[in-house]
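J.: Below is model13.csv; it holds CSV, C-alpha atoms and all ligand atoms.
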```
chain,number,residue,atom,x,y,z
A,976,MET,CA,27.1,-5.7,43.3
A,977,HIS,CA,29.5,-8.4,44.4
A,978,ILE,CA,33.1,-8.7,45.3
A,979,TYR,CA,35.4,-11.7,45.3
A,980,ILE,CA,38.8,-11.6,47.0
A,981,HIS,CA,41.3,-14.3,46.3
A,982,ILE,CA,43.8,-15.2,49.1
A,983,PRO,CA,46.5,-17.1,47.3
A,984,PHE,CA,48.1,-19.0,50.2
A,985,CYS,CA,47.8,-22.5,51.6
A,986,LYS,CA,49.6,-24.4,54.3
A,987,GLN,CA,50.2,-27.3,52.0
A,988,ALA,CA,49.2,-28.4,48.5
A,989,CYS,CA,46.3,-30.8,48.2
A,990,TYR,CA,47.2,-33.4,45.6
A,991,TYR,CA,44.1,-32.8,43.4
A,992,CYS,CA,44.1,-28.9,43.4
A,993,ASP,CA,45.0,-26.7,40.5
A,994,PHE,CA,43.8,-23.4,41.9
A,995,HIS,CA,46.3,-20.6,42.2
A,996,PHE,CA,48.1,-20.6,45.6
A,997,SER,CA,51.5,-20.5,47.2
A,998,THR,CA,52.7,-22.5,50.2
A,999,SER,CA,55.3,-19.9,50.9
A,1000,LEU,CA,53.8,-17.3,53.2
A,1001,SER,CA,56.7,-14.9,52.9
A,1002,GLN,CA,54.7,-12.6,50.6
A,1003,LYS,CA,51.5,-12.6,52.7
A,1004,GLU,CA,51.8,-9.0,53.9
A,1005,ALA,CA,52.8,-7.7,50.5
A,1006,VAL,CA,49.9,-9.5,48.8
A,1007,VAL,CA,47.4,-8.2,51.4
A,1008,GLU,CA,48.7,-4.6,50.8
A,1009,ALA,CA,48.4,-5.1,47.1
A,1010,ILE,CA,44.9,-6.4,47.5
A,1011,CYS,CA,44.0,-3.3,49.4
A,1012,GLN,CA,45.6,-1.2,46.7
A,1013,GLU,CA,43.7,-3.0,44.0
A,1014,ILE,CA,40.4,-2.5,45.9
A,1015,ARG,CA,41.1,1.3,45.7
A,1016,LEU,CA,42.2,1.2,42.1
A,1017,GLN,CA,39.1,-0.8,41.1
A,1018,LYS,CA,36.6,1.4,42.9
A,1019,SER,CA,34.8,2.4,39.7
A,1020,TYR,CA,34.8,-1.0,38.0
A,1021,LEU,CA,31.3,-1.8,39.2
A,1022,LYS,CA,28.3,0.4,38.2
A,1023,ASN,CA,27.6,1.3,41.8
A,1024,THR,CA,29.4,1.0,45.1
A,1025,HIS,CA,26.7,-0.8,47.1
A,1026,ILE,CA,27.9,-4.3,47.8
A,1027,SER,CA,25.5,-7.1,48.7
A,1028,THR,CA,28.0,-10.0,48.8
A,1029,ILE,CA,31.7,-10.4,49.5
A,1030,TYR,CA,33.4,-13.8,49.1
A,1031,PHE,CA,36.9,-14.6,50.4
A,1032,GLY,CA,38.1,-17.6,48.4
A,1033,GLY,CA,41.5,-19.1,47.6
A,1034,GLY,CA,43.8,-20.6,48.4
A,1035,THR,CA,42.9,-20.5,52.1
A,1036,PRO,CA,41.5,-17.3,53.4
A,1037,SER,CA,41.3,-18.6,56.9
A,1038,ILE,CA,45.1,-18.4,57.0
A,1039,LEU,CA,44.7,-14.6,57.4
A,1040,ASP,CA,45.3,-13.2,60.9
A,1041,GLU,CA,43.3,-10.4,62.5
A,1042,THR,CA,45.7,-7.7,61.3
A,1043,SER,CA,45.4,-8.7,57.7
A,1044,LEU,CA,41.6,-9.0,57.9
A,1045,GLU,CA,41.4,-5.6,59.6
A,1046,THR,CA,43.5,-4.1,56.8
A,1047,ILE,CA,41.3,-5.6,54.0
A,1048,PHE,CA,38.0,-4.8,55.7
A,1049,SER,CA,38.8,-1.2,56.6
A,1050,THR,CA,39.8,-0.7,52.9
A,1051,LEU,CA,36.6,-2.3,51.7
A,1052,HIS,CA,34.5,0.0,54.1
A,1053,GLN,CA,36.5,3.1,53.0
A,1054,THR,CA,35.9,2.3,49.3
A,1055,PHE,CA,32.4,0.8,49.1
A,1056,THR,CA,29.1,0.8,50.9
A,1057,ILE,CA,28.7,-2.7,52.3
A,1058,LEU,CA,25.0,-3.2,52.7
A,1059,PRO,CA,23.8,-4.0,56.3
A,1060,ASP,CA,22.4,-7.4,55.2
A,1061,ALA,CA,25.4,-8.3,52.9
A,1062,GLU,CA,26.3,-11.9,52.7
A,1063,ILE,CA,30.0,-12.1,53.7
A,1064,THR,CA,31.5,-15.6,53.1
A,1065,LEU,CA,35.0,-16.8,54.0
A,1066,GLU,CA,36.4,-20.1,53.0
A,1067,ALA,CA,38.0,-21.8,56.0
A,1068,ASN,CA,40.0,-25.0,56.4
A,1069,PRO,CA,39.1,-27.1,59.4
A,1070,ASP,CA,42.6,-26.9,60.9
A,1071,ASP,CA,42.4,-23.1,61.0
A,1072,ILE,CA,39.1,-23.0,62.9
A,1073,SER,CA,39.4,-22.2,66.6
A,1074,VAL,CA,37.2,-20.3,69.1
A,1075,ALA,CA,39.6,-17.3,68.8
A,1076,LYS,CA,39.6,-17.3,65.0
A,1077,LEU,CA,35.8,-17.6,64.9
A,1078,ALA,CA,35.5,-14.5,67.2
A,1079,ILE,CA,37.8,-12.6,64.7
A,1080,PHE,CA,35.7,-13.7,61.7
A,1081,LYS,CA,32.5,-12.5,63.5
A,1082,LYS,CA,34.1,-9.2,64.5
A,1083,PHE,CA,34.5,-8.3,60.9
A,1084,GLY,CA,31.0,-9.2,59.9
A,1085,ILE,CA,31.7,-12.6,58.3
A,1086,ASN,CA,28.3,-14.3,58.5
A,1087,ARG,CA,28.8,-17.3,56.3
A,1088,LEU,CA,31.5,-19.9,56.6
A,1089,SER,CA,32.5,-22.2,53.7
A,1090,ILE,CA,34.4,-25.1,55.3
A,1091,GLY,CA,36.7,-27.2,53.1
A,1092,ILE,CA,36.0,-30.6,54.7
A,1093,GLN,CA,36.1,-32.6,51.4
A,1094,SER,CA,35.9,-35.9,53.3
A,1095,PHE,CA,35.4,-37.2,56.9
A,1096,HIS,CA,37.4,-40.4,56.1
A,1097,GLU,CA,40.9,-40.3,57.4
A,1098,PRO,CA,42.6,-42.3,54.7
A,1099,HIS,CA,41.0,-40.2,52.0
A,1100,LEU,CA,42.1,-37.0,53.7
A,1101,LYS,CA,45.7,-38.4,53.9
A,1102,GLN,CA,45.5,-39.6,50.3
A,1103,MET,CA,44.5,-36.0,49.2
A,1104,ASN,CA,47.2,-34.4,51.4
A,1105,ARG,CA,44.6,-32.3,53.2
A,1106,ALA,CA,46.0,-30.4,56.2
A,1107,HIS,CA,43.2,-31.6,58.6
A,1108,ASN,CA,42.2,-34.9,60.0
A,1109,ALA,CA,38.8,-36.6,60.3
A,1110,LYS,CA,38.2,-35.5,63.9
A,1111,GLU,CA,38.9,-31.8,63.0
A,1112,ALA,CA,36.4,-32.2,60.1
A,1113,GLU,CA,33.6,-32.8,62.6
A,1114,THR,CA,34.7,-30.6,65.5
A,1115,CYS,CA,35.2,-27.5,63.4
A,1116,VAL,CA,31.6,-27.4,62.4
A,1117,LYS,CA,30.4,-27.7,66.0
A,1118,LEU,CA,32.9,-24.9,67.0
A,1119,ALA,CA,31.4,-22.6,64.3
A,1120,GLN,CA,27.9,-23.4,65.3
A,1121,ASP,CA,28.6,-22.8,69.0
A,1122,ALA,CA,30.2,-19.5,68.0
A,1123,GLY,CA,26.8,-18.5,66.6
A,1124,ILE,CA,27.6,-18.8,62.9
A,1125,ASP,CA,24.2,-19.9,61.5
A,1126,ASN,CA,25.0,-20.1,57.8
A,1127,ILE,CA,27.6,-22.9,57.3
A,1128,THR,CA,28.4,-24.7,54.1
A,1129,ILE,CA,30.9,-27.5,53.6
A,1130,ASP,CA,32.6,-28.8,50.5
A,1131,LEU,CA,32.7,-32.5,49.8
A,1132,ILE,CA,34.5,-34.4,47.2
A,1133,TYR,CA,33.0,-37.6,45.8
A,1134,ALA,CA,34.2,-40.3,43.4
A,1135,ILE,CA,37.5,-40.7,45.3
A,1136,PRO,CA,38.5,-44.2,44.2
A,1137,ALA,CA,37.1,-46.8,46.7
A,1138,PRO,CA,36.0,-50.5,46.5
A,1139,ASP,CA,32.3,-49.5,47.1
A,1140,HIS,CA,30.1,-46.7,48.3
A,1141,GLN,CA,30.4,-47.3,52.1
A,1142,ILE,CA,32.7,-44.4,52.7
A,1143,LEU,CA,30.3,-42.1,51.0
A,1144,TYR,CA,27.4,-43.4,53.0
A,1145,SER,CA,29.4,-42.9,56.1
A,1146,ASP,CA,30.3,-39.3,55.1
A,1147,LEU,CA,26.6,-38.6,54.4
A,1148,ALA,CA,25.6,-39.8,57.8
A,1149,LYS,CA,28.1,-37.3,59.3
A,1150,VAL,CA,26.7,-34.5,57.1
A,1151,GLU,CA,23.2,-35.4,58.4
A,1152,ALA,CA,24.3,-35.3,62.0
A,1153,LEU,CA,25.9,-31.8,61.6
A,1154,ASN,CA,22.7,-30.1,60.6
A,1155,LEU,CA,24.2,-27.7,58.0
A,1156,GLN,CA,22.5,-25.0,56.0
A,1157,HIS,CA,24.3,-25.8,52.7
A,1158,VAL,CA,26.5,-28.5,51.1
A,1159,SER,CA,28.6,-28.2,47.9
A,1160,ALA,CA,29.6,-31.6,46.4
A,1161,TYR,CA,32.3,-31.8,43.6
A,1162,CYS,CA,33.4,-34.8,41.6
A,1163,LEU,CA,37.1,-35.5,42.0
A,1164,THR,CA,38.7,-34.5,38.7
A,1165,ILE,CA,42.3,-35.3,37.8
A,1166,GLU,CA,44.1,-32.2,36.6
A,1167,PRO,CA,47.3,-32.8,34.7
A,1168,GLN,CA,49.5,-30.4,36.7
A,1169,THR,CA,48.6,-31.9,40.1
A,1170,VAL,CA,50.2,-34.8,42.0
A,1171,PHE,CA,47.1,-36.9,41.2
A,1172,GLY,CA,47.6,-36.0,37.5
A,1173,LYS,CA,51.2,-37.2,37.6
A,1174,TRP,CA,50.3,-40.4,39.5
A,1175,THR,CA,47.5,-41.1,37.0
A,1176,LYS,CA,49.9,-40.6,34.1
A,1177,GLN,CA,52.5,-42.9,35.8
A,1178,GLY,CA,49.8,-45.6,36.4
A,1179,LYS,CA,50.1,-45.2,40.2
A,1180,MET,CA,46.5,-44.1,40.5
A,1181,PRO,CA,43.4,-45.2,38.6
A,1182,ASN,CA,41.5,-42.8,36.4
A,1183,ILE,CA,38.1,-41.7,37.7
A,1184,ASP,CA,35.6,-44.3,36.6
A,1185,ASP,CA,32.5,-42.6,35.0
A,1186,ASP,CA,30.1,-45.2,36.2
A,1187,PHE,CA,31.4,-45.0,39.7
A,1188,SER,CA,31.2,-41.2,39.8
A,1189,ALA,CA,27.7,-41.3,38.4
A,1190,GLN,CA,26.6,-43.8,41.0
A,1191,GLN,CA,28.2,-41.6,43.8
A,1192,PHE,CA,26.5,-38.5,42.4
A,1193,SER,CA,23.1,-40.3,42.5
A,1194,ILE,CA,23.6,-41.5,46.1
A,1195,LEU,CA,24.6,-37.9,47.1
A,1196,VAL,CA,21.6,-36.3,45.5
A,1197,GLU,CA,19.1,-38.9,46.8
A,1198,ASN,CA,20.4,-38.7,50.3
A,1199,LEU,CA,20.8,-34.9,50.5
A,1200,GLN,CA,17.3,-34.5,49.2
A,1201,ARG,CA,16.0,-37.0,51.8
A,1202,MET,CA,17.7,-34.8,54.5
A,1203,GLY,CA,15.8,-31.8,53.2
A,1204,TYR,CA,18.4,-30.2,51.0
A,1205,GLU,CA,17.2,-28.7,47.7
A,1206,GLN,CA,19.6,-29.2,44.7
A,1207,TYR,CA,19.4,-25.6,43.5
A,1208,GLU,CA,22.4,-26.0,41.3
A,1209,ILE,CA,23.9,-29.3,40.1
A,1210,SER,CA,26.7,-29.2,42.7
A,1211,ASN,CA,25.0,-27.1,45.4
A,1212,PHE,CA,22.4,-28.1,48.0
A,1213,ALA,CA,20.6,-25.8,50.4
A,1214,ARG,CA,18.1,-26.2,53.2
A,1215,ASN,CA,15.4,-23.6,53.7
A,1216,GLN,CA,16.6,-21.5,50.7
A,1217,HIS,CA,20.1,-20.8,52.2
A,1218,TYR,CA,21.4,-20.4,48.7
A,1219,SER,CA,24.8,-18.9,48.2
A,1220,LYS,CA,23.9,-15.4,47.2
A,1221,HIS,CA,27.4,-14.8,45.9
A,1222,ASN,CA,27.6,-17.8,43.7
A,1223,THR,CA,24.1,-17.3,42.5
A,1224,SER,CA,25.2,-13.9,41.2
A,1225,TYR,CA,27.7,-15.7,38.9
A,1226,TRP,CA,25.1,-18.1,37.6
A,1227,LYS,CA,22.6,-15.2,37.0
A,1228,GLN,CA,25.3,-13.2,35.0
A,1229,GLU,CA,25.4,-10.4,37.6
A,1230,GLU,CA,28.4,-8.1,37.7
A,1231,TYR,CA,31.2,-8.8,40.1
A,1232,LEU,CA,34.7,-7.5,40.9
A,1233,GLY,CA,37.4,-10.0,41.5
A,1234,ILE,CA,40.4,-8.9,43.5
A,1235,GLY,CA,43.7,-10.6,44.0
A,1236,PRO,CA,46.0,-12.8,42.0
A,1237,SER,CA,44.1,-15.0,39.5
A,1238,ALA,CA,40.8,-13.4,40.4
A,1239,HIS,CA,38.2,-12.7,37.6
A,1240,SER,CA,35.9,-9.8,37.1
A,1241,PHE,CA,32.8,-9.4,35.0
A,1242,ASN,CA,30.9,-6.3,34.1
A,1243,GLY,CA,28.3,-7.5,31.7
A,1244,VAL,CA,30.2,-7.0,28.5
A,1245,SER,CA,33.8,-8.1,29.4
A,1246,ARG,CA,35.7,-10.4,31.7
A,1247,GLN,CA,39.1,-9.7,33.0
A,1248,TYR,CA,41.6,-12.2,34.5
A,1249,ASN,CA,44.2,-11.1,37.0
A,1250,ILE,CA,47.7,-12.5,36.6
A,1251,ALA,CA,48.1,-15.8,38.6
A,1252,ASN,CA,51.5,-15.0,40.0
A,1253,ASN,CA,51.9,-13.4,43.4
A,1254,THR,CA,55.2,-11.7,42.8
A,1255,LYS,CA,54.1,-10.1,39.5
A,1256,TYR,CA,50.8,-9.2,40.9
A,1257,VAL,CA,52.4,-7.3,43.8
A,1258,GLN,CA,54.9,-5.6,41.5
A,1259,GLN,CA,52.3,-4.4,38.9
A,1260,ILE,CA,49.8,-3.3,41.4
A,1261,GLY,CA,52.6,-1.3,43.0
A,1262,THR,CA,52.9,0.7,39.7
A,1263,GLY,CA,49.2,1.6,39.8
A,1264,LEU,CA,48.3,-0.9,37.1
A,1265,ILE,CA,45.8,-3.8,37.2
A,1266,PRO,CA,47.7,-6.8,35.9
A,1267,ALA,CA,44.7,-8.3,34.0
A,1268,THR,CA,43.9,-9.7,30.7
A,1269,LEU,CA,40.7,-8.3,29.1
A,1270,GLU,CA,38.3,-10.4,27.1
A,1271,ILE,CA,35.4,-8.6,25.4
A,1272,LEU,CA,32.5,-11.0,25.3
A,1273,THR,CA,30.7,-11.4,22.0
A,1274,LYS,CA,27.0,-11.9,22.1
A,1275,GLU,CA,27.6,-15.6,21.4
A,1276,ASP,CA,30.0,-15.7,24.4
A,1277,GLN,CA,27.4,-14.1,26.6
A,1278,ILE,CA,24.7,-16.6,25.5
A,1279,ASN,CA,26.9,-19.6,25.8
A,1280,GLU,CA,28.1,-18.6,29.3
A,1281,TYR,CA,24.5,-18.1,30.4
A,1282,LEU,CA,23.5,-21.5,29.0
A,1283,LEU,CA,26.4,-23.2,30.7
A,1284,THR,CA,25.8,-21.7,34.2
A,1285,GLY,CA,22.0,-21.0,34.1
A,1286,LEU,CA,20.9,-24.5,33.0
A,1287,ARG,CA,22.7,-26.0,36.0
A,1288,THR,CA,20.3,-24.0,38.4
A,1289,ILE,CA,16.7,-24.3,39.4
A,1290,TRP,CA,16.2,-20.9,37.8
A,1291,GLY,CA,17.1,-22.1,34.3
A,1292,CYS,CA,17.7,-19.8,31.4
A,1293,LYS,CA,15.2,-17.1,30.6
A,1294,ILE,CA,14.3,-17.1,26.9
A,1295,GLU,CA,13.6,-13.4,27.0
A,1296,TYR,CA,17.1,-12.7,28.2
A,1297,LEU,CA,18.6,-15.0,25.5
A,1298,ASP,CA,16.5,-13.2,22.9
A,1299,SER,CA,17.6,-9.8,24.1
A,1300,ILE,CA,21.3,-10.7,23.8
A,1301,LEU,CA,20.8,-12.4,20.4
A,1302,GLY,CA,18.6,-9.7,19.0
A,1303,SER,CA,16.3,-12.4,17.6
A,1304,SER,CA,14.5,-15.5,18.7
A,1305,PHE,CA,16.8,-18.1,20.4
A,1306,LEU,CA,14.2,-20.8,20.1
A,1307,ASP,CA,13.9,-20.3,16.3
A,1308,LEU,CA,17.6,-20.2,15.8
A,1309,GLN,CA,18.3,-23.4,17.8
A,1310,LYS,CA,15.1,-25.3,16.9
A,1311,SER,CA,16.9,-28.2,15.3
A,1312,TYR,CA,19.1,-28.7,18.4
A,1313,LEU,CA,16.4,-28.1,20.9
A,1314,GLN,CA,13.7,-30.5,19.6
A,1315,PRO,CA,15.6,-33.7,20.2
A,1316,ILE,CA,16.6,-32.6,23.7
A,1317,LEU,CA,13.0,-31.7,24.5
A,1318,ARG,CA,11.7,-35.0,23.0
A,1319,ALA,CA,14.2,-37.0,25.1
A,1320,GLY,CA,12.7,-35.4,28.2
A,1321,HIS,CA,16.0,-33.7,29.3
A,1322,LEU,CA,14.8,-30.2,29.0
A,1323,GLU,CA,11.4,-28.4,29.4
A,1324,ILE,CA,10.1,-24.9,28.8
A,1325,ILE,CA,8.3,-23.5,31.8
A,1326,GLU,CA,7.1,-19.9,31.9
A,1327,HIS,CA,9.4,-18.9,29.0
A,1328,THR,CA,12.4,-20.5,30.8
A,1329,LEU,CA,14.5,-23.4,29.7
A,1330,LYS,CA,15.0,-25.8,32.6
A,1331,LEU,CA,16.6,-29.2,32.8
A,1332,THR,CA,14.5,-32.1,34.0
A,1333,GLU,CA,15.8,-34.5,36.7
A,1334,ALA,CA,17.0,-36.8,33.9
A,1335,GLY,CA,18.6,-33.9,32.1
A,1336,LYS,CA,20.7,-32.9,35.1
A,1337,LEU,CA,22.9,-35.9,34.4
A,1338,PHE,CA,23.9,-34.3,31.0
A,1339,ALA,CA,23.8,-30.6,32.0
A,1340,ASP,CA,27.1,-29.6,30.4
A,1341,ARG,CA,26.5,-31.6,27.2
A,1342,ILE,CA,23.0,-30.2,26.8
A,1343,ALA,CA,24.4,-26.6,27.3
A,1344,SER,CA,27.1,-27.2,24.7
A,1345,ASP,CA,24.5,-28.7,22.2
A,1346,LEU,CA,22.7,-25.4,22.5
A,1347,PHE,CA,25.7,-23.1,22.1
A,1348,VAL,CA,25.4,-20.4,19.5
A,1349,GLU,CA,28.2,-20.0,17.0
A,1350,GLU,CA,29.6,-16.8,15.6
B,1401,LIG,S1,42.1,-27.4,47.9
B,1401,LIG,FE1,42.1,-25.5,49.0
B,1401,LIG,S2,43.5,-25.8,50.7
B,1401,LIG,FE2,44.0,-27.4,49.2
B,1401,LIG,S3,45.6,-26.6,47.9
B,1401,LIG,FE3,43.7,-26.1,46.9
B,1401,LIG,S4,43.2,-24.1,47.6
B,1401,LIG,FE4,44.7,-24.9,49.0
```
Would you write the structure of this file as structure tokens?
T.:
Amino acid sequence: MHIYIHIPFCKQACYYCDFHFSTSLSQKEAVVEAICQEIRLQKSYLKNTHISTIYFGGGTPSILDETSLETIFSTLHQTFTILPDAEITLEANPDDISVAKLAIFKKFGINRLSIGIQSFHEPHLKQMNRAHNAKEAETCVKLAQDAGIDNITIDLIYAIPAPDHQILYSDLAKVEALNLQHVSAYCLTIEPQTVFGKWTKQGKMPNIDDDFSAQQFSILVENLQRMGYEQYEISNFARNQHYSKHNTSYWKQEEYLGIGPSAHSFNGVSRQYNIANNTKYVQQIGTGLIPATLEILTKEDQINEYLLTGLRTIWGCKIEYLDSILGSSFLDLQKSYLQPILRAGHLEIIEHTLKLTEAGKLFADRIASDLFVEE
């Protein structure tokens, strides 16, 4: 079983980000208390209390001090059995990483650090309003490695408007020198509610060019593979099978409990979405209620979600599992949609599993939606 904990605070707002967070830290203690209360309230959400992965996401979890982490971890240990080999990931921003902070992370058993580097290029960091600079982007990884954290992943953003691909090549050279276990690479997307969204609407910023982003993605994949990274999910690359166990659980439709404002939970048949508002979250948790919206998944929802996430991974989608949800043959039902995709060489069936080919990876989301089942 898996637990996600959303820490909804950031030092400053990155101009591309539409996650749920607040830059006012005045409610930090109250939210931490409410998170602990929700952990207790949700004890029986999962089928069993043995936890194999915990993921602190956000927002910026590295903003938490020792006292807050102590409060959350002691509640987790009182409520669940955290397996001795559990993967415990915390998202950290480079400007929060110090020798002292790393010692605190290790004290609580955090054994995987996900560092939000995004870019090593100073003008790009400034353009995105990141709180760290290019030097910190490099030094934070070395600090974490020196502290003995041997499972480090970084986030990179590609397709940031630029005259050519030189900045990306330079970022990739830095990645190579850092000798990381894992890299996640995401295409810059312009979300309407963000500063970038407003700038694009006002014509102050160009829209993301599809050809440019496709070229950048190819450069990324080619170079990360050359460095020994396996593209085990379209946006995720691991060396020596250092896959993210937590994220893999999402892609394999395993059950997880999401705690904190805006967090989602999944128990196999339904999803629930916590309210994305810190004040209302604290108030409602205080009354003993989970402020969540429930969505019962139809069998079509379950199949379509599995197609959307599973096809993006090296594990693909198991036909037996699709058949079991559908109650009949998926291949028979979707024959007319499948044939052209198979003929185009974008998809193959290997050992009763649907898998994208290298060429198909470029069209992953479209292929999944072509195979969606309708009610
Ligand atoms: S990208 Fe991360 S650090 Fe930046 S605003 Fe979003 S959640 Fe906060």
J.: Select, from A:Gln1314, A:Asn1068, A:Asn1023, A:Ser1210, the residue with the minimum atom-to-atom distance to A:Ala1339, counting only C-alpha atoms.
T.: A:Ser1210
J.: Name the residues, by chain letter and number, that sit within 12 Å of ligand LIG 1401 (chain B) using all atoms listed in the file, and give them as a PyMOL selection string.
T.: chain A and resi 981-999+1031-1038+1066-1071+1089-1094+1100+1103-1107+1130-1132+1161+1163+1166+1169-1170
J.: Kindly extract all protein, DNA and RNA residues lying within 10 Å of the coordinates (34.9, -22.8, 74.0) given in the file, considering all atoms listed in the file, and supply them as a PyMOL selection string.
T.: chain A and resi 1073-1075+1118+1121-1122
J.: Near A:Leu1153, within 8 Å and counting all atoms listed in the file, which residues show up once chain neighbours fewer than 5 positions away are dropped, as a ChimeraX atom specification?
T.: /A:1113,1116-1117
J.: Please check which residues have atoms at most 10 Å from (27.6, -24.0, 31.7) in the file's coordinates, counting all atoms listed in the file, and write them as an NGL selection string.
T.: :A and (1226 or 1279-1288 or 1339-1344 or 1347)
J.: Create the file for the chosen residues now, containing C-alpha atoms and written as a compact mmCIF listing (two decimals), keeping the file's coordinate frame.
T.:
```txt
# COMPACT_ATOMS: atom_id res chain seq x y z
CA TRP A 1226 25.10 -18.10 37.60
CA ASN A 1279 26.90 -19.60 25.80
CA GLU A 1280 28.10 -18.60 29.30
CA TYR A 1281 24.50 -18.10 30.40
CA LEU A 1282 23.50 -21.50 29.00
CA LEU A 1283 26.40 -23.20 30.70
CA THR A 1284 25.80 -21.70 34.20
CA GLY A 1285 22.00 -21.00 34.10
CA LEU A 1286 20.90 -24.50 33.00
CA ARG A 1287 22.70 -26.00 36.00
CA THR A 1288 20.30 -24.00 38.40
CA ALA A 1339 23.80 -30.60 32.00
CA ASP A 1340 27.10 -29.60 30.40
CA ARG A 1341 26.50 -31.60 27.20
CA ILE A 1342 23.00 -30.20 26.80
CA ALA A 1343 24.40 -26.60 27.30
CA SER A 1344 27.10 -27.20 24.70
CA PHE A 1347 25.70 -23.10 22.10
```
J.: If you measure from atom CA of A:Val1196 to atom CA of A:Met1180, what distance in Å do you get, rounded to one decimal?
T.: 26.6 Å
J.: Between atom CA of A:Glu1333 and atom CA of A:Val1158, what distance in Å does the model show, to one decimal?
T.: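 It comes out at 18.9 Å.
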J.: Can you tell me which residues surround A:Gln1017 at a distance of at most 12 Å, considering only C-alpha atoms, apart from same-chain residues fewer than 2 positions away, and format the answer as a ChimeraX atom specification?
T.: /A:978,1009-1015,1019-1024,1050-1051,1054-1055,1231-1235,1240,1260,1263-1267
J.: Can you pull out every residue within 12 Å of A:Asn1154, counting all atoms listed in the file, but drop anything in the same chain fewer than 6 positions away, and send it as an mmCIF file with C-alpha atoms, in the frame of the given file?
T.:
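Below is the file selection.cif, written as the result:
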```
data_model
loop_
_atom_site.group_PDB
_atom_site.id
_atom_site.type_symbol
_atom_site.label_atom_id
_atom_site.label_comp_id
_atom_site.auth_asym_id
_atom_site.auth_seq_id
_atom_site.Cartn_x
_atom_site.Cartn_y
_atom_site.Cartn_z
ATOM 1 C CA GLU A 1113 33.600 -32.800 62.600
ATOM 2 C CA VAL A 1116 31.600 -27.400 62.400
ATOM 3 C CA LYS A 1117 30.400 -27.700 66.000
ATOM 4 C CA GLN A 1120 27.900 -23.400 65.300
ATOM 5 C CA ASP A 1125 24.200 -19.900 61.500
ATOM 6 C CA ASN A 1126 25.000 -20.100 57.800
ATOM 7 C CA ILE A 1127 27.600 -22.900 57.300
ATOM 8 C CA THR A 1128 28.400 -24.700 54.100
ATOM 9 C CA ILE A 1129 30.900 -27.500 53.600
ATOM 10 C CA LEU A 1147 26.600 -38.600 54.400
ATOM 11 C CA ALA A 1148 25.600 -39.800 57.800
ATOM 12 C CA LEU A 1199 20.800 -34.900 50.500
ATOM 13 C CA MET A 1202 17.700 -34.800 54.500
ATOM 14 C CA GLY A 1203 15.800 -31.800 53.200
ATOM 15 C CA TYR A 1204 18.400 -30.200 51.000
ATOM 16 C CA ALA A 1213 20.600 -25.800 50.400
ATOM 17 C CA ARG A 1214 18.100 -26.200 53.200
ATOM 18 C CA ASN A 1215 15.400 -23.600 53.700
#
```
J.: Compare A:Ile1278, A:Ile1057, A:Ile1194, A:Ile1079 by their minimum atom-to-atom distance to A:Asp1139, counting all atoms listed in the file, and give me the closest one.
T.: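 Between A:Ile1278, A:Ile1057, A:Ile1194, A:Ile1079, the residue approaching A:Asp1139 most closely is A:Ile1194.
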J.: Missing atoms in stretch 1021-1031 of chain A need filling: write out N, CA and C atoms for it as an mmCIF file, in the frame of the given file.
T.:
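rebuild31.cif written:
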```
data_model
loop_
_atom_site.group_PDB
_atom_site.id
_atom_site.type_symbol
_atom_site.label_atom_id
_atom_site.label_comp_id
_atom_site.auth_asym_id
_atom_site.auth_seq_id
_atom_site.Cartn_x
_atom_site.Cartn_y
_atom_site.Cartn_z
ATOM 1 N N LEU A 1021 32.687 -1.410 39.126
ATOM 2 C CA LEU A 1021 31.300 -1.800 39.200
ATOM 3 C C LEU A 1021 30.404 -0.540 38.993
ATOM 4 N N LYS A 1022 29.159 -0.783 38.507
ATOM 5 C CA LYS A 1022 28.300 0.400 38.200
ATOM 6 C C LYS A 1022 27.912 1.153 39.442
ATOM 7 N N ASN A 1023 27.780 0.484 40.566
ATOM 8 C CA ASN A 1023 27.600 1.300 41.800
ATOM 9 C C ASN A 1023 28.390 0.641 42.921
ATOM 10 N N THR A 1024 28.501 1.382 44.000
ATOM 11 C CA THR A 1024 29.400 1.000 45.100
ATOM 12 C C THR A 1024 28.735 0.287 46.214
ATOM 13 N N HIS A 1025 27.452 -0.075 46.012
ATOM 14 C CA HIS A 1025 26.700 -0.800 47.100
ATOM 15 C C HIS A 1025 26.937 -2.282 46.905
ATOM 16 N N ILE A 1026 27.488 -2.880 47.928
ATOM 17 C CA ILE A 1026 27.900 -4.300 47.800
ATOM 18 C C ILE A 1026 26.989 -5.176 48.622
ATOM 19 N N SER A 1027 26.455 -6.196 47.948
ATOM 20 C CA SER A 1027 25.500 -7.100 48.700
ATOM 21 C C SER A 1027 26.160 -8.442 49.003
ATOM 22 N N THR A 1028 27.262 -8.799 48.328
ATOM 23 C CA THR A 1028 28.000 -10.000 48.800
ATOM 24 C C THR A 1028 29.487 -9.808 48.622
ATOM 25 N N ILE A 1029 30.200 -10.381 49.576
ATOM 26 C CA ILE A 1029 31.700 -10.400 49.500
ATOM 27 C C ILE A 1029 32.052 -11.881 49.768
ATOM 28 N N TYR A 1030 32.980 -12.373 48.964
ATOM 29 C CA TYR A 1030 33.400 -13.800 49.100
ATOM 30 C C TYR A 1030 34.901 -13.848 49.158
ATOM 31 N N PHE A 1031 35.426 -14.355 50.256
ATOM 32 C CA PHE A 1031 36.900 -14.600 50.400
ATOM 33 C C PHE A 1031 37.136 -16.041 49.968
#
```
